[in-house]
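A.B. asks: Structure provided below as structure tokens; questions to follow.
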Amino acid sequence: SQLRRSGMVAILILVIGVVVLTVFAVWYGASSRRAVLASRYFKESAERTRTQERLLRLVTDNQPESIFILDKDGRYRFANRNAAGYVDMGAADMFGKSVADVLGAARAEDIVASAEAALYNQHPQSRIRRRSEDGREHITRSEYIPLEQIPIPSLPEATPGVLVVEHDIT
């Protein structure tokens, strides 16, 4: 009877071990599958985001106007090729810099004041400016459109901004 009892205990321990290993294998397989599915989802999501970013860049870079977004502190958060070309910089180089750093204090004062007015009033603002450059007078129509928030991950949530579109109407 002792031998029979020892055999039954051994079989019971073996069955418990098999059940534990089966549960562990099922858990590991399910979590691995979930991880693969999550990885695939995030990879596809990142690719969609990159595609949308390339599309936005394509559309804005092929506009004749200078287009840029300023945050509430007067820092560039987006600029198209024409806005960057105007100051002989790359659009990525303008990101995070203040208008005064990019355009100079004199020109920045007017742009920042107009952007602040658009944010304060929460209505688009239009401005027509005349400036002399290289002995020629340039006339620019600028639109300042307030944005509730700028969707950039590096900014705190709900950071308001202003979309600025400048068109040379000389």
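In the structure tokens, chains take the letters A, B, ... in the order shown, each chain's residues start at 1, and ligands count up from 1 in the order shown.
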Please, which residues of chain A, numbered as in this document, come out helix (DSSP H, G or I) from DSSP, as a PyMOL selection string?

C.D. replies: chain A and resi 2-61+81-86+91-94+99-103+105-121

A.B. asks: Tell me, as a PyMOL selection string, which residues lie within 12 Å of Asn121 (chain A), counting only C-alpha atoms; anything in the same chain fewer than 4 positions away does not count.

C.D. replies: chain A and resi 114-117+125+144-147+162

A.B. asks: Using only C-alpha atoms, find the one residue out of A:Glu44, A:Asp73, A:Glu65, A:Glu137 that sits nearest to Gly85 (chain A).

C.D. replies: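 Checking each candidate against Gly85 (chain A), we get A:Glu65 as the closest.
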
A.B. asks: Measuring atom to atom with only C-alpha atoms, identify which of A:Glu47, A:Gly7, A:Ile13, A:Val87 is nearest to Ser66 (chain A).

C.D. replies: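 Between A:Glu47, A:Gly7, A:Ile13, A:Val87, the residue approaching Ser66 (chain A) most closely is A:Val87.
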
A.B. asks: For Gln149 (chain A), which residue among A:Ala38, A:Ala106, A:Ile69, A:Leu12 is the nearest when counting only C-alpha atoms?

C.D. replies: A:Ile69

A.B. asks: Name the closest residue to Ser154 (chain A) among the candidates A:Ile139, A:Ser32, A:Val26, A:Gly96; distances are taken between atoms, counting only C-alpha atoms.

C.D. replies: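 Counting only C-alpha atoms, the residue closest to Ser154 (chain A) is A:Gly96.
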
A.B. asks: Can you list, as a ChimeraX atom specification, every residue of region 5-105 of chain A that DSSP puts in strand (DSSP E)?

C.D. replies: /A:66-71,76-79

A.B. asks: At what distance in Å, to one decimal, does CA of Glu148 (chain A) lie from CA of Gln122 (chain A)?

C.D. replies: 8.8 Å

A.B. asks: So how many Å separate CA of Asp93 (chain A) and CA of Arg57 (chain A), to one decimal?

C.D. replies: 15.0 Å

A.B. asks: Pick out the residues sitting within 10 Å of Phe78 (chain A), and hand them over as a list in words; count only C-alpha atoms, and ignore anything fewer than 3 positions along from it in its own chain.

C.D. replies: Arg57, Ile67, Phe68, Ile69, Leu70, Asp71, Arg75, Ala83, Ala84, Ala91, Ala92, Met94, Phe95, Gly96, Ile150, Ile152 and Leu163 of chain A

A.B. asks: Choose the residue, out of A:Arg136, A:Arg127, A:Arg48, A:Arg81, that has the smallest atom-to-atom separation from His167 (chain A); count only C-alpha atoms.

C.D. replies: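 Among the listed residues, A:Arg127 lies closest to His167 (chain A).
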
A.B. asks: How far is it from CA of Thr49 (chain A) to CA of Pro160 (chain A), in Å with one decimal?

C.D. replies: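 According to the coordinates, CA of Thr49 (chain A) and CA of Pro160 (chain A) are separated by 21.4 Å.
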